Amino acid sequence: MLPNKYSLLKMMLLFPVGLPLNFIFAFDVPNRVVSPRLMAVSPCRSSSHPCPVALSPKSPRFSVIQSSLALSSKSLEEPKCPVTKFGNKITRNLAWTDKHILSRIIKLANHTPALLSLSYFGLVSMASMMGMGPMKPGSDATLSSVLTKTVGPTSNAAFAALFPTLVTPASFVFLVWPLIAILQLITLSISALLPDKEVILTQDDLSVLTLANLCSSAWLFASSNAQPGNLPLASTLILPLVPIFSGYTLRNEPKYILWANQIYCSFTFLASILAFTVELQHGGRLPLIGKIGPELAGTVFLGLYSLSSLAVAKKSGAKRFVNFTALTGILYRRIVDVIGAGTGLWTGLSSLILSFTFLGTVGCWFWSLRELFPSKSS
């Protein structure tokens, strides 16, 4: 079929424009850089009709153009100038160093404050548990003694004896501190040594963990300097900061299960309520309240703990474990104290039955036991 007059008119209009462009592409490519934008606006590509002088892939000119473009790109990638070659080599080596060496060093540096704060907290905690007290005059100064010189002589057991409550757990409950330290060390080590693509603890997570460890150390400083009749107010004010900082990562839904943060936050939250109870019973510095009796203080503890911990719908396995262990320690101490009082077994048991805090602790204990093995429906 012969083309109509409109087709012939289009070909005549396009031919004078397409010829110079193809002529340039065919003979001047080695000295020019082909622009994709120029190719996009070429009438041979924008028109619905093929250009009469368009090059075929089988044409010799097309192979010349293709080889010229390949040589041009190769000359851009591998310059002949030795100075440029040396500069490109330095750039590639620096990029490899940043990716494989410096990134690891920076990652370790990001974890260093958290590791140092954990080490310091462990040292202060060990000194407080053993009741080392300040460095004695004339003794040889060591790094440990210098770092713990502000730790007082009052250990955790001595603090509980100086300011007893009806809801103070047994001493074995406080062995959770070494467990927290070990879990933190494992978590920080794995997070620091994993490849860069795997991030367990972000920079914010590391910062709040460092702050939590420093607040725990400050709380131990305050409680270790307690004396009979002199309850430090700082032990009540500082301790609530620890679960706030350590729970930051958990409140932001981390990608991985962080057992260290879960146990750390759960136990220090319990300890914060207990510190408030001690202040109510022995401090008497709250406005309009003053000192209250042991039964009332224990009731306040159970009420706050039930509402803020046991009644929470979504609890992790670590939090359920801490709840059960703490309440078991409270019941164990109550029973042991009554038996050791020497008033007789039946007399002691009858006093426990008539104690509202004991009955409330038993109820909370069964509550925590039931949640330790949750059903599928819950």
# chains A, B, ... in the order shown; residues from 1 in each chain; ligands from 1
$ residues_around --residues "Trp367 of chain A" --least-positions-apart "4" --cutoff "9 Å" --atoms "only C-alpha atoms" --output "list in words"
Leu310, Phe324, Val362, Gly363, Glu371 and Leu372 of chain A
$ write_last_selection --atoms "N, CA and C atoms" --output "mmCIF file, in the first residue's frame"
data_model
loop_
_atom_site.group_PDB
_atom_site.id
_atom_site.type_symbol
_atom_site.label_atom_id
_atom_site.label_comp_id
_atom_site.auth_asym_id
_atom_site.auth_seq_id
_atom_site.Cartn_x
_atom_site.Cartn_y
_atom_site.Cartn_z
ATOM 1 N N LEU A 310 0.618 -6.064 89.098
ATOM 2 C CA LEU A 310 -0.139 -7.315 88.931
ATOM 3 C C LEU A 310 -1.345 -7.142 88.020
ATOM 4 N N PHE A 324 6.402 -13.057 91.046
ATOM 5 C CA PHE A 324 6.272 -14.282 91.843
ATOM 6 C C PHE A 324 7.428 -14.422 92.817
ATOM 7 N N VAL A 362 -0.743 -13.091 100.656
ATOM 8 C CA VAL A 362 -1.096 -14.430 100.188
ATOM 9 C C VAL A 362 -1.960 -14.352 98.935
ATOM 10 N N GLY A 363 -2.930 -13.431 98.931
ATOM 11 C CA GLY A 363 -3.772 -13.266 97.743
ATOM 12 C C GLY A 363 -2.968 -12.825 96.529
ATOM 13 N N GLU A 371 -0.589 -16.188 87.124
ATOM 14 C CA GLU A 371 -0.072 -15.522 85.930
ATOM 15 C C GLU A 371 1.253 -16.091 85.476
ATOM 16 N N LEU A 372 1.916 -16.846 86.351
ATOM 17 C CA LEU A 372 3.184 -17.471 85.948
ATOM 18 C C LEU A 372 2.945 -18.532 84.875
#
$ residues_around --residues "segment 223-236 of chain A" --least-positions-apart "6" --cutoff "6 Å" --atoms "only C-alpha atoms" --output "list in words"
Gly152, Pro153, Thr154, Ser155 and Ala275 of chain A
$ write_last_selection --atoms "N, CA, C and O atoms" --output "short mmCIF file (atom, residue, chain, number, x, y, z; two decimals), in the first residue's frame"
data_model
loop_
_atom_site.label_atom_id
_atom_site.label_comp_id
_atom_site.auth_asym_id
_atom_site.auth_seq_id
_atom_site.Cartn_x
_atom_site.Cartn_y
_atom_site.Cartn_z
N GLY A 152 28.99 3.69 101.94
CA GLY A 152 28.90 3.63 103.38
C GLY A 152 29.01 2.21 103.91
O GLY A 152 29.05 1.23 103.15
N PRO A 153 28.99 2.05 105.24
CA PRO A 153 29.15 0.72 105.84
C PRO A 153 27.86 -0.09 105.91
O PRO A 153 27.90 -1.27 106.29
N THR A 154 26.74 0.50 105.54
CA THR A 154 25.45 -0.19 105.67
C THR A 154 25.19 -1.03 104.44
O THR A 154 25.05 -0.51 103.33
N SER A 155 25.13 -2.34 104.63
CA SER A 155 24.84 -3.26 103.52
C SER A 155 23.34 -3.33 103.28
O SER A 155 22.54 -2.72 104.00
N ALA A 275 10.69 1.38 98.58
CA ALA A 275 11.35 2.56 99.15
C ALA A 275 10.33 3.60 99.59
O ALA A 275 10.51 4.27 100.63
#
$ residues_around --residues "Thr361 of chain A" --least-positions-apart "5" --cutoff "12 Å" --atoms "only C-alpha atoms" --output "compact mmCIF listing (two decimals) with N, CA, C and O atoms, in the first residue's frame"
# COMPACT_ATOMS: atom_id res chain seq x y z
N LEU A 166 6.63 -4.79 106.85
CA LEU A 166 5.95 -6.07 106.75
C LEU A 166 5.97 -6.62 105.32
O LEU A 166 5.50 -7.74 105.10
N VAL A 167 6.50 -5.88 104.39
CA VAL A 167 6.52 -6.31 102.98
C VAL A 167 7.95 -6.32 102.44
O VAL A 167 8.13 -6.35 101.21
N THR A 168 8.94 -6.33 103.32
CA THR A 168 10.33 -6.41 102.86
C THR A 168 10.64 -7.85 102.46
O THR A 168 10.44 -8.76 103.25
N PRO A 169 11.12 -8.08 101.24
CA PRO A 169 11.40 -9.47 100.82
C PRO A 169 12.60 -10.05 101.57
O PRO A 169 13.38 -9.34 102.20
N GLU A 295 1.16 -1.88 109.49
CA GLU A 295 0.06 -2.50 108.74
C GLU A 295 -0.45 -1.59 107.64
O GLU A 295 -0.69 -2.04 106.51
N GLY A 298 2.18 -1.38 104.87
CA GLY A 298 2.16 -2.60 104.05
C GLY A 298 0.95 -2.66 103.15
O GLY A 298 1.03 -3.14 102.01
N THR A 299 -0.19 -2.17 103.63
CA THR A 299 -1.40 -2.14 102.80
C THR A 299 -1.23 -1.20 101.62
O THR A 299 -1.67 -1.49 100.50
N VAL A 300 -0.58 -0.05 101.87
CA VAL A 300 -0.31 0.89 100.77
C VAL A 300 0.58 0.22 99.72
O VAL A 300 0.37 0.37 98.51
N PHE A 301 1.59 -0.51 100.18
CA PHE A 301 2.48 -1.21 99.25
C PHE A 301 1.71 -2.20 98.40
O PHE A 301 1.86 -2.23 97.16
N LEU A 302 0.90 -3.04 99.02
CA LEU A 302 0.17 -4.06 98.27
C LEU A 302 -0.82 -3.43 97.30
O LEU A 302 -1.01 -3.93 96.18
N GLY A 303 -1.46 -2.33 97.73
CA GLY A 303 -2.39 -1.66 96.82
C GLY A 303 -1.70 -1.07 95.60
O GLY A 303 -2.14 -1.27 94.46
N TYR A 305 1.26 -1.90 94.41
CA TYR A 305 1.90 -2.95 93.62
C TYR A 305 0.87 -3.74 92.80
O TYR A 305 1.13 -4.11 91.65
N SER A 306 -0.30 -3.98 93.39
CA SER A 306 -1.34 -4.71 92.65
C SER A 306 -1.86 -3.90 91.47
O SER A 306 -2.05 -4.43 90.37
N ASN A 323 7.56 -10.79 89.80
CA ASN A 323 6.42 -10.67 90.72
C ASN A 323 6.31 -11.89 91.63
O ASN A 323 6.15 -11.75 92.85
N PHE A 324 6.40 -13.06 91.05
CA PHE A 324 6.27 -14.28 91.84
C PHE A 324 7.43 -14.42 92.82
O PHE A 324 7.23 -14.78 93.99
N ALA A 326 9.37 -12.05 94.13
CA ALA A 326 9.32 -11.03 95.18
C ALA A 326 8.24 -11.36 96.22
O ALA A 326 8.50 -11.26 97.43
N LEU A 327 7.06 -11.75 95.77
CA LEU A 327 5.99 -12.08 96.72
C LEU A 327 6.32 -13.34 97.51
O LEU A 327 5.95 -13.45 98.69
N THR A 328 7.01 -14.29 96.89
CA THR A 328 7.46 -15.47 97.62
C THR A 328 8.45 -15.07 98.72
O THR A 328 8.39 -15.58 99.85
N GLY A 329 9.35 -14.15 98.40
CA GLY A 329 10.29 -13.67 99.40
C GLY A 329 9.62 -12.93 100.54
O GLY A 329 10.04 -13.04 101.70
N ILE A 330 8.56 -12.17 100.25
CA ILE A 330 7.83 -11.46 101.31
C ILE A 330 7.14 -12.45 102.24
O ILE A 330 7.20 -12.32 103.48
N LEU A 331 6.45 -13.45 101.68
CA LEU A 331 5.79 -14.46 102.51
C LEU A 331 6.80 -15.25 103.33
O LEU A 331 6.57 -15.54 104.52
N TYR A 332 7.90 -15.62 102.71
CA TYR A 332 8.92 -16.41 103.42
C TYR A 332 9.47 -15.62 104.61
O TYR A 332 9.62 -16.17 105.71
N ARG A 333 9.72 -14.35 104.43
CA ARG A 333 10.26 -13.54 105.53
C ARG A 333 9.23 -13.38 106.64
O ARG A 333 9.60 -13.42 107.83
N ARG A 334 7.98 -13.18 106.31
CA ARG A 334 6.95 -13.04 107.34
C ARG A 334 6.85 -14.30 108.19
O ARG A 334 6.79 -14.24 109.43
N ILE A 335 6.86 -15.46 107.55
CA ILE A 335 6.73 -16.71 108.29
C ILE A 335 7.97 -16.98 109.12
O ILE A 335 7.89 -17.38 110.30
N LEU A 352 -0.49 -14.09 112.27
CA LEU A 352 -0.42 -13.90 110.82
C LEU A 352 -1.81 -13.92 110.19
O LEU A 352 -2.10 -13.14 109.27
N ILE A 353 -2.66 -14.80 110.68
CA ILE A 353 -4.00 -14.90 110.11
C ILE A 353 -4.79 -13.62 110.36
O ILE A 353 -5.62 -13.22 109.53
N SER A 355 -3.48 -10.70 110.46
CA SER A 355 -2.79 -9.58 109.82
C SER A 355 -3.36 -9.37 108.41
O SER A 355 -3.35 -10.29 107.59
N PHE A 356 -3.84 -8.17 108.15
CA PHE A 356 -4.40 -7.87 106.84
C PHE A 356 -3.33 -7.90 105.75
O PHE A 356 -3.59 -8.36 104.63
N PHE A 366 -0.93 -15.84 95.16
CA PHE A 366 -1.70 -16.74 94.30
C PHE A 366 -1.99 -16.08 92.94
O PHE A 366 -2.03 -16.76 91.91
N TRP A 367 -2.19 -14.79 92.96
CA TRP A 367 -2.41 -14.06 91.71
C TRP A 367 -1.18 -14.17 90.81
O TRP A 367 -1.28 -14.46 89.61
N SER A 368 0.00 -13.95 91.39
CA SER A 368 1.24 -14.05 90.61
C SER A 368 1.52 -15.49 90.18
O SER A 368 2.06 -15.71 89.09
$ atom_distance --atom1 "atom CA of Arg251 of chain A" --atom2 "atom CA of Phe172 of chain A"
28.9 Å
$ atom_distance --atom1 "atom CA of Leu175 of chain A" --atom2 "atom CA of Arg320 of chain A"
16.9 Å
$ atom_distance --atom1 "atom CA of Ala297 of chain A" --atom2 "atom CA of Thr268 of chain A"
18.9 Å
$ closest_residue --among "A:Phe358, A:Phe163, A:Tyr120, A:Trp259" --to "Leu214 of chain A" --atoms "only C-alpha atoms"
A:Tyr120
$ closest_residue --among "A:Thr97, A:Ile289, A:Gln262, A:Phe267" --to "Ala318 of chain A" --atoms "only C-alpha atoms"
A:Gln262
$ closest_residue --among "A:Ser272, A:Trp96, A:Ser191, A:Asn252" --to "Ser216 of chain A" --atoms "only C-alpha atoms"
A:Ser272
$ residues_around --residues "Cys265 of chain A" --least-positions-apart "3" --cutoff "7 Å" --atoms "only C-alpha atoms" --output "PyMOL selection string"
chain A and resi 243+246-247+261-262+268-269
$ residues_around --residues "segment 178-182 of chain A" --least-positions-apart "6" --cutoff "9 Å" --atoms "only C-alpha atoms" --output "PyMOL selection string"
chain A and resi 118-119+121-122+125+259-261+263-264
$ residues_around --residues "Leu193 of chain A" --least-positions-apart "3" --cutoff "9 Å" --atoms "only C-alpha atoms" --output "PyMOL selection string"
chain A and resi 104+107-108+188-190+196
$ select_by_dssp --residues "segment 171-211 of chain A" --states "alpha helix (DSSP H)" --output "list in words"
Val176, Trp177, Pro178, Leu179, Ile180, Ala181, Ile182, Leu183, Gln184, Leu185, Ile186, Thr187, Leu188, Ser189, Ile190, Ser191, Ala192, Leu193, Gln203, Asp204, Asp205, Leu206, Ser207, Val208, Leu209, Thr210 and Leu211 of chain A
$ closest_atom_pairs --of "segment 101-206 of chain A" --to "segment 79-95 of chain A" --cutoff "12 Å" --atoms "only C-alpha atoms" --output "Markdown table"
| residue | atom | partner | partner_atom | distance |
| --- | --- | --- | --- | --- |
| A:Ile101 | CA | A:Ala95 | CA | 9.9 |
| A:Leu102 | CA | A:Leu94 | CA | 9.7 |
| A:Ser103 | CA | A:Ala95 | CA | 10.7 |
